[in-house]
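Have a look at protein-v1.txt below; it lists compact mmCIF, C-alpha atoms.
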```
# COMPACT_ATOMS: atom_id res chain seq x y z
CA MET B 1 135.90 87.97 89.10
CA ALA B 2 138.68 90.30 90.28
CA GLN B 3 137.45 93.83 90.75
CA ASP B 4 139.22 97.01 89.81
CA PHE B 5 138.78 99.73 92.40
CA SER B 6 140.52 102.53 90.48
CA LYS B 7 137.09 104.00 89.80
CA PRO B 8 133.75 103.54 91.57
CA ALA B 9 132.42 99.98 91.27
CA VAL B 10 128.72 99.15 91.28
CA THR B 11 126.82 96.45 93.16
CA VAL B 12 123.15 95.63 93.51
CA ASP B 13 121.77 94.53 96.89
CA VAL B 14 118.29 93.23 97.58
CA VAL B 15 116.12 93.54 100.69
CA ILE B 16 113.51 90.77 100.47
CA MET B 17 110.78 90.91 103.07
CA THR B 18 107.92 88.63 104.03
CA LEU B 19 105.44 88.17 106.87
CA ARG B 20 106.04 85.01 108.91
CA ASP B 21 105.19 83.91 112.45
CA ASP B 22 103.62 87.28 113.23
CA ASP B 23 106.76 89.15 112.33
CA LEU B 24 108.37 90.82 109.35
CA HIS B 25 111.32 88.77 108.11
CA VAL B 26 114.30 89.62 105.89
CA LEU B 27 116.30 87.15 103.83
CA LEU B 28 120.02 87.22 104.67
CA ILE B 29 123.03 85.29 103.39
CA LYS B 30 126.19 84.41 105.27
CA ARG B 31 129.18 85.80 103.39
CA ASP B 32 131.75 83.29 102.22
CA HIS B 33 134.39 85.82 101.10
CA VAL B 34 136.30 88.77 102.49
CA PRO B 35 135.46 91.42 103.47
CA TYR B 36 133.08 90.54 106.29
CA ARG B 37 133.59 86.80 105.74
CA GLY B 38 131.17 84.88 107.95
CA ARG B 39 129.04 87.98 108.53
CA TRP B 40 125.37 88.12 107.49
CA ALA B 41 124.39 90.40 104.62
CA ILE B 42 121.53 91.08 102.25
CA PRO B 43 122.04 89.21 98.96
CA GLY B 44 123.82 91.09 96.19
CA GLY B 45 127.00 91.52 94.19
CA PHE B 46 128.80 93.35 91.41
CA VAL B 47 126.96 94.42 88.27
CA HIS B 48 128.53 92.81 85.20
CA LEU B 49 129.41 94.75 82.09
CA ASN B 50 126.38 95.04 79.80
CA GLU B 51 124.00 93.69 82.41
CA SER B 52 121.01 95.76 83.51
CA LEU B 53 120.66 96.56 87.21
CA GLU B 54 117.55 94.46 87.61
CA ALA B 55 119.12 91.53 85.75
CA ALA B 56 122.12 91.74 88.08
CA ALA B 57 119.81 91.75 91.12
CA ARG B 58 117.96 88.68 89.83
CA ARG B 59 121.19 86.86 89.02
CA GLU B 60 122.68 87.50 92.46
CA LEU B 61 119.46 86.47 94.22
CA LYS B 62 119.36 83.23 92.30
CA GLU B 63 123.06 82.48 92.79
CA GLU B 64 123.10 83.29 96.48
CA THR B 65 119.68 82.16 97.68
CA GLY B 66 117.99 80.13 94.93
CA VAL B 67 115.12 82.63 94.93
CA THR B 68 113.65 83.41 91.49
CA ASP B 69 110.54 85.07 90.11
CA VAL B 70 110.15 87.83 92.66
CA TYR B 71 108.95 91.32 91.90
CA LEU B 72 111.77 93.84 92.36
CA GLU B 73 111.63 97.58 92.75
CA GLN B 74 114.50 99.97 93.12
CA LEU B 75 114.82 101.44 96.60
CA TYR B 76 117.75 103.85 96.63
CA THR B 77 121.38 104.11 95.57
CA PHE B 78 123.92 104.27 98.38
CA GLY B 79 127.19 105.88 97.32
CA ASP B 80 129.19 106.87 100.41
CA PRO B 81 132.81 106.19 99.34
CA ARG B 82 133.57 104.69 102.79
CA ARG B 83 130.77 102.12 102.81
CA ASP B 84 133.03 99.27 101.57
CA PRO B 85 136.55 98.64 102.93
CA ARG B 86 137.77 97.48 99.49
CA GLY B 87 137.24 100.86 97.87
CA HIS B 88 134.53 103.03 96.43
CA VAL B 89 131.55 100.75 95.81
CA ILE B 90 128.15 102.22 94.91
CA SER B 91 125.19 100.01 95.80
CA VAL B 92 121.90 100.19 93.94
CA ALA B 93 119.47 98.73 96.49
CA TYR B 94 116.29 96.90 95.54
CA ILE B 95 113.33 95.82 97.60
CA ALA B 96 111.14 92.78 97.11
CA LEU B 97 108.02 91.75 98.99
CA VAL B 98 106.83 88.14 98.92
CA PRO B 99 103.52 86.83 100.31
CA GLU B 100 105.09 83.91 102.16
CA PRO B 101 108.63 82.83 102.99
CA LEU B 102 110.25 81.16 100.00
CA ALA B 103 112.47 78.14 100.32
CA VAL B 104 116.07 79.30 100.18
CA LYS B 105 119.48 77.73 99.82
CA GLY B 106 123.02 79.08 100.09
CA GLY B 107 124.98 79.38 96.85
CA SER B 108 128.11 80.96 95.40
CA ASP B 109 129.63 83.64 97.63
CA ALA B 110 127.22 82.55 100.38
CA ARG B 111 127.54 79.64 102.75
CA GLU B 112 124.03 79.88 104.01
CA ALA B 113 120.78 81.74 103.41
CA ARG B 114 117.89 82.15 105.87
CA TRP B 115 115.03 84.36 106.95
CA TRP B 116 115.57 86.56 110.00
CA SER B 117 113.05 88.46 112.08
CA ILE B 118 113.58 92.17 111.45
CA GLN B 119 113.39 92.60 115.25
CA GLN B 120 116.37 90.32 115.80
CA LEU B 121 118.80 90.83 112.98
CA PRO B 122 122.42 89.76 113.52
CA PRO B 123 125.21 92.32 112.93
CA LEU B 124 125.26 92.98 109.20
CA ALA B 125 128.12 93.52 106.74
CA PHE B 126 128.84 96.91 105.15
CA ASP B 127 126.02 99.47 105.61
CA HIS B 128 123.38 96.79 105.14
CA ALA B 129 121.69 97.57 108.47
CA ARG B 130 121.05 101.06 107.13
CA ILE B 131 119.73 99.70 103.83
CA VAL B 132 117.32 97.34 105.63
CA ASP B 133 116.25 100.20 107.86
CA TYR B 134 115.52 102.39 104.87
CA ALA B 135 113.56 99.59 103.18
CA LEU B 136 111.41 99.26 106.30
CA THR B 137 110.82 103.02 106.47
CA ARG B 138 109.75 103.01 102.83
CA LEU B 139 107.43 100.05 103.35
CA ARG B 140 105.79 101.68 106.39
CA TYR B 141 105.28 104.88 104.52
CA LYS B 142 103.88 103.21 101.42
CA ILE B 143 101.33 100.95 103.11
CA GLU B 144 99.69 104.03 104.58
CA TYR B 145 98.43 105.25 101.26
CA SER B 146 98.79 102.53 98.65
CA ALA B 147 97.88 98.94 97.87
CA VAL B 148 101.50 97.81 98.12
CA GLY B 149 100.47 95.52 101.00
CA PHE B 150 98.98 93.12 98.44
CA ARG B 151 102.47 91.81 97.88
CA LEU B 152 102.69 90.60 101.49
CA LEU B 153 99.22 89.14 101.94
CA PRO B 154 97.40 86.14 100.51
CA GLU B 155 94.82 86.81 97.83
CA THR B 156 91.89 87.02 100.27
CA PHE B 157 91.92 88.00 103.93
CA THR B 158 89.70 89.28 106.71
CA LEU B 159 89.91 92.82 108.05
CA SER B 160 91.45 91.31 111.19
CA ASP B 161 94.16 89.61 109.09
CA LEU B 162 94.87 92.92 107.37
CA GLN B 163 94.98 94.87 110.61
CA LYS B 164 97.39 92.34 112.06
CA ALA B 165 99.67 92.67 109.01
CA TYR B 166 99.63 96.47 109.37
CA GLU B 167 100.35 96.19 113.09
CA ILE B 168 103.32 93.93 112.41
CA ILE B 169 104.73 96.21 109.73
CA LEU B 170 104.14 99.43 111.66
CA ALA B 171 105.19 97.75 114.93
CA GLU B 172 102.33 99.31 116.86
CA PRO B 173 98.81 98.35 117.88
CA LEU B 174 96.07 100.05 115.85
CA ASP B 175 92.60 101.05 116.95
CA LYS B 176 90.17 98.69 115.23
CA ARG B 177 87.54 101.30 114.34
CA ASN B 178 90.03 103.88 113.08
CA PHE B 179 91.89 101.25 111.11
CA ARG B 180 88.73 100.04 109.39
CA ARG B 181 87.56 103.55 108.61
CA ARG B 182 90.93 104.58 107.14
CA ILE B 183 91.44 101.44 105.09
CA ILE B 184 87.93 101.71 103.64
CA GLU B 185 88.46 105.41 102.86
CA ALA B 186 91.75 104.61 101.13
CA ALA B 187 89.68 102.50 98.71
CA VAL B 188 92.41 99.94 98.14
CA ILE B 189 90.42 96.87 99.25
CA GLU B 190 86.96 95.52 98.51
CA PRO B 191 84.75 92.83 100.05
CA ILE B 192 84.21 89.62 98.12
CA ASP B 193 81.15 87.42 98.28
CA GLU B 194 82.66 84.99 100.78
CA VAL B 195 83.10 84.68 104.51
CA ARG B 196 85.51 82.74 106.66
CA SER B 197 83.77 80.61 109.28
CA GLY B 198 85.40 79.66 112.56
CA GLU B 199 84.81 80.53 116.14
CA GLY B 200 82.37 83.39 116.69
CA ARG B 201 80.55 84.92 113.78
CA PRO B 202 81.73 84.42 110.20
CA ALA B 203 84.17 87.09 109.01
CA ARG B 204 83.80 88.79 105.65
CA LEU B 205 86.67 88.18 103.23
CA TYR B 206 88.33 91.04 101.33
CA ARG B 207 90.84 91.40 98.55
CA PHE B 208 92.93 94.27 97.23
CA ARG B 209 91.04 96.05 94.47
CA PRO B 210 92.42 95.01 91.07
CA ASP B 211 92.65 98.65 89.97
CA ALA B 212 94.59 99.64 93.11
CA VAL B 213 96.96 96.72 92.56
CA ALA B 214 97.35 97.63 88.88
CA GLU B 215 98.19 101.16 89.93
CA VAL B 216 100.92 99.92 92.27
CA LYS B 217 102.27 97.74 89.50
CA ALA B 218 102.15 100.49 86.91
CA ARG B 219 103.61 103.16 89.15
CA ARG B 220 106.30 100.92 90.56
CA LEU B 221 105.82 102.53 93.94
CA PHE B 222 109.29 101.48 95.04
CA PRO B 223 110.55 104.07 94.73
CA MET S 1 139.52 112.59 82.38
CA ALA S 2 139.63 109.55 80.11
CA GLN S 3 137.09 106.96 81.07
CA ASP S 4 137.59 103.23 81.19
CA PHE S 5 134.55 101.33 79.92
CA SER S 6 135.76 97.81 80.76
CA LYS S 7 133.27 97.80 83.63
CA PRO S 8 130.14 99.84 84.27
CA ALA S 9 130.89 103.54 84.78
CA VAL S 10 128.76 105.83 86.94
CA THR S 11 127.45 109.32 86.26
CA VAL S 12 125.11 111.63 88.14
CA ASP S 13 122.55 113.69 86.22
CA VAL S 14 120.33 116.41 87.64
CA VAL S 15 116.83 117.49 86.63
CA ILE S 16 116.35 121.02 88.01
CA MET S 17 112.86 122.40 87.72
CA THR S 18 111.30 125.78 88.39
CA LEU S 19 108.07 127.65 87.66
CA ARG S 20 108.49 130.54 85.24
CA ASP S 21 106.19 132.41 82.87
CA ASP S 22 103.27 130.15 83.76
CA ASP S 23 105.16 127.03 82.81
CA LEU S 24 107.40 124.42 84.37
CA HIS S 25 110.97 124.86 83.19
CA VAL S 26 113.99 122.55 83.17
CA LEU S 27 117.63 123.62 83.11
CA LEU S 28 119.55 122.16 80.18
CA ILE S 29 123.14 122.45 79.01
CA LYS S 30 124.45 122.23 75.45
CA ARG S 31 127.05 119.46 75.27
CA ASP S 32 130.52 120.48 74.18
CA HIS S 33 131.94 116.95 73.77
CA VAL S 34 131.14 113.73 72.00
CA PRO S 35 128.86 111.85 72.18
CA TYR S 36 125.90 114.05 71.35
CA ARG S 37 128.12 117.11 70.87
CA GLY S 38 125.91 120.18 70.39
CA ARG S 39 122.87 118.36 71.74
CA TRP S 40 121.00 119.58 74.84
CA ALA S 41 121.19 117.49 78.01
CA ILE S 42 120.48 117.70 81.71
CA PRO S 43 123.63 118.69 83.63
CA GLY S 44 125.77 115.83 84.96
CA GLY S 45 128.94 113.82 84.57
CA PHE S 46 131.11 111.03 85.90
CA VAL S 47 131.39 110.35 89.62
CA HIS S 48 135.00 110.66 90.77
CA LEU S 49 136.71 108.09 92.93
CA ASN S 50 135.99 108.72 96.62
CA GLU S 51 133.35 111.32 95.86
CA SER S 52 129.82 110.85 97.19
CA LEU S 53 126.97 110.85 94.68
CA GLU S 54 125.51 114.08 95.97
CA ALA S 55 128.92 115.78 95.99
CA ALA S 56 129.37 114.71 92.37
CA ALA S 57 125.96 116.11 91.46
CA ARG S 58 126.78 119.44 93.11
CA ARG S 59 130.19 119.62 91.44
CA GLU S 60 128.77 118.95 87.98
CA LEU S 61 125.97 121.45 88.47
CA LYS S 62 128.43 124.12 89.49
CA GLU S 63 130.91 123.34 86.70
CA GLU S 64 128.30 123.18 83.97
CA THR S 65 125.74 125.78 84.99
CA GLY S 66 127.16 127.87 87.85
CA VAL S 67 124.22 126.81 90.02
CA THR S 68 125.05 126.20 93.69
CA ASP S 69 123.14 125.77 96.95
CA VAL S 70 120.16 123.85 95.66
CA TYR S 71 118.40 121.10 97.54
CA LEU S 72 118.95 117.76 95.81
CA GLU S 73 117.08 114.51 96.17
CA GLN S 74 117.79 111.24 94.48
CA LEU S 75 115.25 110.32 91.81
CA TYR S 76 116.18 106.93 90.36
CA THR S 77 119.17 105.06 88.95
CA PHE S 78 119.06 104.28 85.24
CA GLY S 79 121.24 101.33 84.27
CA ASP S 80 120.24 100.08 80.83
CA PRO S 81 123.60 99.05 79.28
CA ARG S 82 122.57 100.61 75.94
CA ARG S 83 121.76 104.07 77.27
CA ASP S 84 125.21 105.50 76.37
CA PRO S 85 126.97 104.84 73.04
CA ARG S 86 130.39 104.85 74.75
CA GLY S 87 129.67 101.80 76.84
CA HIS S 88 127.86 100.73 79.97
CA VAL S 89 127.18 103.90 81.95
CA ILE S 90 124.87 103.85 84.97
CA SER S 91 123.26 107.20 85.78
CA VAL S 92 122.12 108.11 89.29
CA ALA S 93 119.54 110.81 88.60
CA TYR S 94 118.76 113.63 91.02
CA ILE S 95 115.93 116.12 91.10
CA ALA S 96 116.03 119.69 92.37
CA LEU S 97 113.21 122.20 92.70
CA VAL S 98 113.94 125.91 92.92
CA PRO S 99 111.41 128.66 93.70
CA GLU S 100 112.51 130.92 90.86
CA PRO S 101 114.80 130.56 87.85
CA LEU S 102 118.44 130.94 88.88
CA ALA S 103 120.96 132.79 86.78
CA VAL S 104 122.96 130.23 84.86
CA LYS S 105 126.13 130.16 82.76
CA GLY S 106 127.75 127.52 80.60
CA GLY S 107 130.96 125.95 81.90
CA SER S 108 133.29 123.02 81.34
CA ASP S 109 131.81 120.32 79.08
CA ALA S 110 128.96 122.72 78.30
CA ARG S 111 128.87 125.57 75.81
CA GLU S 112 125.65 127.01 77.07
CA ALA S 113 123.09 126.57 79.84
CA ARG S 114 119.49 127.76 79.80
CA TRP S 115 115.98 127.13 81.08
CA TRP S 116 113.54 125.39 78.75
CA SER S 117 109.79 125.03 79.00
CA ILE S 118 109.02 121.40 79.72
CA GLN S 119 106.35 121.66 77.01
CA GLN S 120 108.93 122.55 74.38
CA LEU S 121 112.10 120.67 75.10
CA PRO S 122 114.60 120.23 72.27
CA PRO S 123 115.79 116.70 71.38
CA LEU S 124 117.87 115.51 74.34
CA ALA S 125 121.09 113.49 74.54
CA PHE S 126 121.15 109.90 75.84
CA ASP S 127 117.94 108.82 77.64
CA HIS S 128 117.57 112.25 79.21
CA ALA S 129 114.06 112.74 77.83
CA ARG S 130 113.03 109.66 79.79
CA ILE S 131 114.75 110.95 82.94
CA VAL S 132 113.00 114.33 82.68
CA ASP S 133 109.73 112.52 82.08
CA TYR S 134 110.20 110.42 85.17
CA ALA S 135 111.08 113.48 87.25
CA LEU S 136 107.85 115.13 86.13
CA THR S 137 105.81 112.02 86.97
CA ARG S 138 107.37 111.94 90.41
CA LEU S 139 106.69 115.63 90.99
CA ARG S 140 103.05 115.29 89.93
CA TYR S 141 102.57 112.33 92.19
CA LYS S 142 104.25 113.96 95.17
CA ILE S 143 102.42 117.28 95.11
CA GLU S 144 99.14 115.38 95.49
CA TYR S 145 99.87 114.33 99.03
CA SER S 146 102.84 116.26 100.36
CA ALA S 147 104.18 119.74 100.96
CA VAL S 148 106.90 119.31 98.35
CA GLY S 149 105.37 122.23 96.43
CA PHE S 150 106.94 124.61 98.94
CA ARG S 151 110.16 124.25 97.00
CA LEU S 152 108.59 125.78 93.90
CA LEU S 153 106.58 128.60 95.46
CA PRO S 154 107.51 131.84 97.20
CA GLU S 155 107.16 131.92 100.97
CA THR S 156 103.62 133.31 100.93
CA PHE S 157 100.94 132.96 98.26
CA THR S 158 97.21 133.16 97.70
CA LEU S 159 95.06 130.10 97.09
CA SER S 160 94.77 131.27 93.48
CA ASP S 161 98.57 131.36 93.15
CA LEU S 162 98.75 127.85 94.56
CA GLN S 163 96.00 126.53 92.30
CA LYS S 164 97.77 128.02 89.31
CA ALA S 165 101.05 126.31 90.30
CA TYR S 166 99.23 122.98 90.64
CA GLU S 167 97.52 123.48 87.28
CA ILE S 168 100.85 124.19 85.62
CA ILE S 169 102.52 121.15 87.17
CA LEU S 170 99.60 118.80 86.54
CA ALA S 171 98.96 120.35 83.11
CA GLU S 172 95.22 120.42 83.63
CA PRO S 173 92.63 122.90 84.88
CA LEU S 174 91.37 122.21 88.41
CA ASP S 175 87.97 122.91 89.85
CA LYS S 176 88.38 125.78 92.32
CA ARG S 177 86.11 124.40 95.04
CA ASN S 178 87.48 120.86 94.89
CA PHE S 179 91.03 122.15 94.85
CA ARG S 180 90.47 124.30 97.93
CA ARG S 181 88.74 121.52 99.82
CA ARG S 182 91.47 118.99 99.03
CA ILE S 183 94.37 121.30 99.79
CA ILE S 184 92.80 122.29 103.12
CA GLU S 185 92.13 118.64 103.97
CA ALA S 186 95.72 117.74 103.16
CA ALA S 187 96.71 120.12 105.96
CA VAL S 188 99.93 121.19 104.31
CA ILE S 189 99.18 124.94 104.19
CA GLU S 190 97.91 127.48 106.69
CA PRO S 191 96.57 131.05 106.43
CA ILE S 192 98.74 133.86 107.75
CA ASP S 193 97.51 137.13 109.15
CA GLU S 194 97.96 139.06 105.92
CA VAL S 195 96.07 139.70 102.73
CA ARG S 196 97.16 140.75 99.27
CA SER S 197 95.26 143.75 97.96
CA GLY S 198 94.71 144.39 94.30
CA GLU S 199 91.72 144.44 92.02
CA GLY S 200 88.58 142.94 93.57
CA ARG S 201 88.52 141.92 97.18
CA PRO S 202 91.74 141.34 99.13
CA ALA S 203 93.02 137.74 98.99
CA ARG S 204 94.14 135.88 102.09
CA LEU S 205 97.80 134.87 102.07
CA TYR S 206 98.91 131.36 102.97
CA ARG S 207 102.17 129.56 103.61
CA PHE S 208 103.18 125.92 103.79
CA ARG S 209 102.90 124.71 107.37
CA PRO S 210 106.34 124.54 108.96
CA ASP S 211 105.66 121.01 110.24
CA ALA S 212 104.61 119.79 106.78
CA VAL S 213 107.73 121.34 105.29
CA ALA S 214 109.88 119.79 108.03
CA GLU S 215 108.35 116.43 107.23
CA VAL S 216 109.24 116.76 103.57
CA LYS S 217 112.76 117.74 104.54
CA ALA S 218 113.13 114.90 107.03
CA ARG S 219 111.64 112.25 104.78
CA ARG S 220 113.50 113.37 101.70
CA LEU S 221 110.44 112.62 99.65
CA PHE S 222 112.48 112.33 96.50
CA PRO S 223 112.46 109.39 96.43
```
With the file now loaded, output its structure as C-alpha cells.
Amino acid sequence: MAQDFSKPAVTVDVVIMTLRDDDLHVLLIKRDHVPYRGRWAIPGGFVHLNESLEAAARRELKEETGVTDVYLEQLYTFGDPRRDPRGHVISVAYIALVPEPLAVKGGSDAREARWWSIQQLPPLAFDHARIVDYALTRLRYKIEYSAVGFRLLPETFTLSDLQKAYEIILAEPLDKRNFRRRIIEAAVIEPIDEVRSGEGRPARLYRFRPDAVAEVKARRLFP
Amino acid sequence: MAQDFSKPAVTVDVVIMTLRDDDLHVLLIKRDHVPYRGRWAIPGGFVHLNESLEAAARRELKEETGVTDVYLEQLYTFGDPRRDPRGHVISVAYIALVPEPLAVKGGSDAREARWWSIQQLPPLAFDHARIVDYALTRLRYKIEYSAVGFRLLPETFTLSDLQKAYEIILAEPLDKRNFRRRIIEAAVIEPIDEVRSGEGRPARLYRFRPDAVAEVKARRLFP
C-alpha cells in the first residue's frame, strides 16, 4: 500500500523476547523493501485505517513471522520526526514475552525471520536498536518487583532455574542467598508439592502465584 | 488546519494533575470546535508534520491553557478507531504533575481552561474520561514504590503533609504507623535539619532524597 507522508504516519513494531540457550533472544525479520532493504528489523508495519493498534501489531507479526497468539503489551511510542528516512513516521512499540522460542517463518515484507541473541544483534533498521534497548530496560525493571517473569518461564521451576533466568535477563551474577530472600519477600512465587530429582538432593519446584500472575495480567504491566 | 482522515491521524493529549484544596485536580479546557463543541476535554491536538510528540504536547498546552515549562512523561497511546467521531484518530497521551495549580487561560480551540477536582469531573469529550482514569491508576501505582510524589509536593514537608498527599491520591485513609514505616523503608525521603513549629510539638521536616528524585528523572517513570 502506497503511503502518504504529507502528515505523520503510524506504524506498530513488536519486540518479542524469549529465553533460549542461556540467553535472552529477540525475534528479527530481514527487510525485503526499501528503506533498509536487507537489514534486520523488529517485525512491524503501518497501521491500517480503522484497525486498532494491537490488531495491527498482531497482523504484522503473523504476516512477517507466522507468530500468532502471543500476549502483547504496549511499550512506548517513538515519534522523532527523523527516525524514518521516508518521512515522519510515529512508531507505537509493543513488547511480547514468550516462554520458549516459537517456530517462525519469513513472510510479506520480510525475506527471513529468526531469533537473535540480544548480546549479538546485527545492525538494525531505523531506531530499532533503541526500541530493543528500551524493551530490555523495561523488562529488567519489571522483573525486580513483579511476576512478569512468568511469561518467560515454564509453569514450574526450581529456585536455581529462576535465579538463572534472572541472571540472564539482568546480565549479572546474583548472590544465591540474597536472591532467594528477595524473591520470597516479593511474594510472587510459591512452592508446590513436588520436587525435581537429579544429581544431588531433590530440588523443590515452584510456580508463580496465581494471584501475582493475575495482577500482572490485569494491570498490563507493560507499560 | 483541515485534517485528512483517509489514514489514521495522530493527536497528543495531556493529563495535568496537581494537589489543591485537599483534592487531586485535573486541568481541563472547554472545546471551541466540533466535535464535542462546548464539552470539557484534556488539552491536546493534532501532531504537526516534523514535530516531535513532546513538542506537540507542549505547543498544545501553551496554545490552549497558557501553561509552559512542565515536566511531561508519556502515559499510553490510545488507538481505538472509534474513539473520535471524525475518523481514526490515535492519541498519544502524556501526564504532567505540578506542585501547585498554575494560572491558566483559554486559548485557540479552547474557550476556557480551569482546574477540576478529579472527584467531580464534568462529562468529557472523546474517551478522555478513560485517559484521565488511566493516568490516575498509573499515579497511584507509581507513588507506592517511587519518588514520583516529589512532583506534587513542595520542596520540604512534614510526614503528616506527605501522608495527607498519599491519602488524597489513593483516596483512602492510611494508618499512620504503617505509612511511616513503609515510607521510611522505601528510602525515598530523608529528614532535614529543620522543624515546623505550630500548635503541639514541632514537626520534623523532610524532603525527597536527591538520588531518589534523580532516579525518577532518569528513568522517566511515566511510563
Discussion item. Only residues of chain B matter here; which ones have an atom within 7 Å of chain S, counting all atoms listed in the file? Give them as JSON, numbers by chain.
Written reply: {"B": [7, 8, 49, 50, 51, 52, 53, 79, 80, 81, 88, 223]}
Item to complete: Please tell me which residues are no farther than 6 Å from (119.0, 117.6, 72.4) in the file, counting all atoms listed in the file, and write them as a list in words.
Response: Arg39, Trp40, Pro122, Pro123, Leu124 and Ala125 of chain S
Which residues, written as a compact mmCIF listing (two decimals) with C-alpha atoms, keeping the file's coordinate frame, have at least one atom at most 12 Å from Arg114 (chain B), with only C-alpha atoms counted and residues fewer than 6 positions away on the same chain left out?
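The result, written out as result12.txt:
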```
# COMPACT_ATOMS: atom_id res chain seq x y z
CA ILE B 16 113.51 90.77 100.47
CA MET B 17 110.78 90.91 103.07
CA HIS B 25 111.32 88.77 108.11
CA VAL B 26 114.30 89.62 105.89
CA LEU B 27 116.30 87.15 103.83
CA LEU B 28 120.02 87.22 104.67
CA ILE B 29 123.03 85.29 103.39
CA LYS B 30 126.19 84.41 105.27
CA TRP B 40 125.37 88.12 107.49
CA ALA B 41 124.39 90.40 104.62
CA ILE B 42 121.53 91.08 102.25
CA PRO B 43 122.04 89.21 98.96
CA GLU B 64 123.10 83.29 96.48
CA THR B 65 119.68 82.16 97.68
CA GLY B 66 117.99 80.13 94.93
CA VAL B 67 115.12 82.63 94.93
CA PRO B 101 108.63 82.83 102.99
CA LEU B 102 110.25 81.16 100.00
CA ALA B 103 112.47 78.14 100.32
CA VAL B 104 116.07 79.30 100.18
CA LYS B 105 119.48 77.73 99.82
CA GLY B 106 123.02 79.08 100.09
CA GLY B 107 124.98 79.38 96.85
CA LEU B 121 118.80 90.83 112.98
CA PRO B 122 122.42 89.76 113.52
```
Discussion item. Set the distance at 10 Å and use all atoms listed in the file: which residues neighbour Ala171 (chain S) once local chain neighbours fewer than 4 positions away are removed? I'd like the list as a PyMOL selection string.
Written reply: chain S and resi 23-24+119+140+164-167
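CA of Leu153 (chain B) to CA of Thr18 (chain B) spans 9.0 Å [interatomic distance, one decimal].
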Discussion item. Counting all atoms listed in the file, which residue out of B:Thr11, B:Ser146, B:Asn178, B:Ser117 sits closest to Ala214 (chain B)?
Written reply: B:Ser146
Fill in: Residues near Arg151 (chain S), cut-off 6 Å, only C-alpha atoms, skip fewer than 6 positions along chain, as a VMD selection string
chain S and resid 97 to 99
Worksheet item: Do you have the CA of Leu174 (chain S)-CA of Asp22 (chain S) distance handy?
Response: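 CA of Asp22 (chain S) lies 15.0 Å from CA of Leu174 (chain S).
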Worksheet entry | Interatomic distance (Å, one decimal) between CA of Tyr206 (chain B) and CA of Lys176 (chain B) |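 Pair CA of Tyr206 (chain B) / CA of Lys176 (chain B) returns 16.0 Å.
Counting all atoms listed in the file and comparing S:Glu190, S:Glu73, S:Glu100, S:Asp84, the residue that lies closest to Tyr36 (chain S) is S:Asp84.
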Item to complete: Pick out the closest residue to His128 (chain S) from this set: S:Glu112, S:Asp193, S:Asp13, S:Glu172. Count all atoms listed in the file.
Response: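 The answer is S:Asp13, which sits nearest to His128 (chain S).
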Discussion item. Just want the 10 Å neighbourhood of region 157-159 of chain B, counted on only C-alpha atoms, with same-chain residues fewer than 6 positions away dropped. Output as a PyMOL selection string.
Written reply: chain B and resi 165+176+179-180+183+189+191-192+195-196+202-208
Since the input lacks some atoms of region 184-196 of chain S, please model N, CA and C atoms and print them as a compact mmCIF listing (two decimals), keeping the file's coordinate frame.
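Just written: rebuild.txt:
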```
# COMPACT_ATOMS: atom_id res chain seq x y z
N ILE S 184 93.02 122.02 101.69
CA ILE S 184 92.80 122.29 103.12
C ILE S 184 92.80 120.98 103.90
N GLU S 185 92.14 119.95 103.32
CA GLU S 185 92.13 118.64 103.97
C GLU S 185 93.53 118.06 104.12
N ALA S 186 94.37 118.30 103.13
CA ALA S 186 95.72 117.74 103.16
C ALA S 186 96.56 118.35 104.26
N ALA S 187 96.08 119.51 104.78
CA ALA S 187 96.71 120.12 105.96
C ALA S 187 98.17 120.46 105.75
N VAL S 188 98.53 120.83 104.54
CA VAL S 188 99.93 121.19 104.31
C VAL S 188 100.15 122.71 104.26
N ILE S 189 99.04 123.48 104.18
CA ILE S 189 99.18 124.94 104.19
C ILE S 189 98.39 125.54 105.33
N GLU S 190 98.68 126.78 105.66
CA GLU S 190 97.91 127.48 106.69
C GLU S 190 97.84 128.96 106.34
N PRO S 191 96.70 129.62 106.72
CA PRO S 191 96.57 131.05 106.43
C PRO S 191 97.51 131.84 107.33
N ILE S 192 98.01 132.96 106.86
CA ILE S 192 98.74 133.86 107.75
C ILE S 192 97.91 135.12 107.91
N ASP S 193 98.32 135.97 108.80
CA ASP S 193 97.51 137.13 109.15
C ASP S 193 97.78 138.30 108.21
N GLU S 194 97.71 138.01 106.90
CA GLU S 194 97.96 139.06 105.92
C GLU S 194 97.11 138.80 104.69
N VAL S 195 96.80 139.86 103.98
CA VAL S 195 96.07 139.70 102.73
C VAL S 195 96.86 140.39 101.62
N ARG S 196 96.58 140.02 100.39
CA ARG S 196 97.16 140.75 99.27
C ARG S 196 96.05 141.59 98.64
```
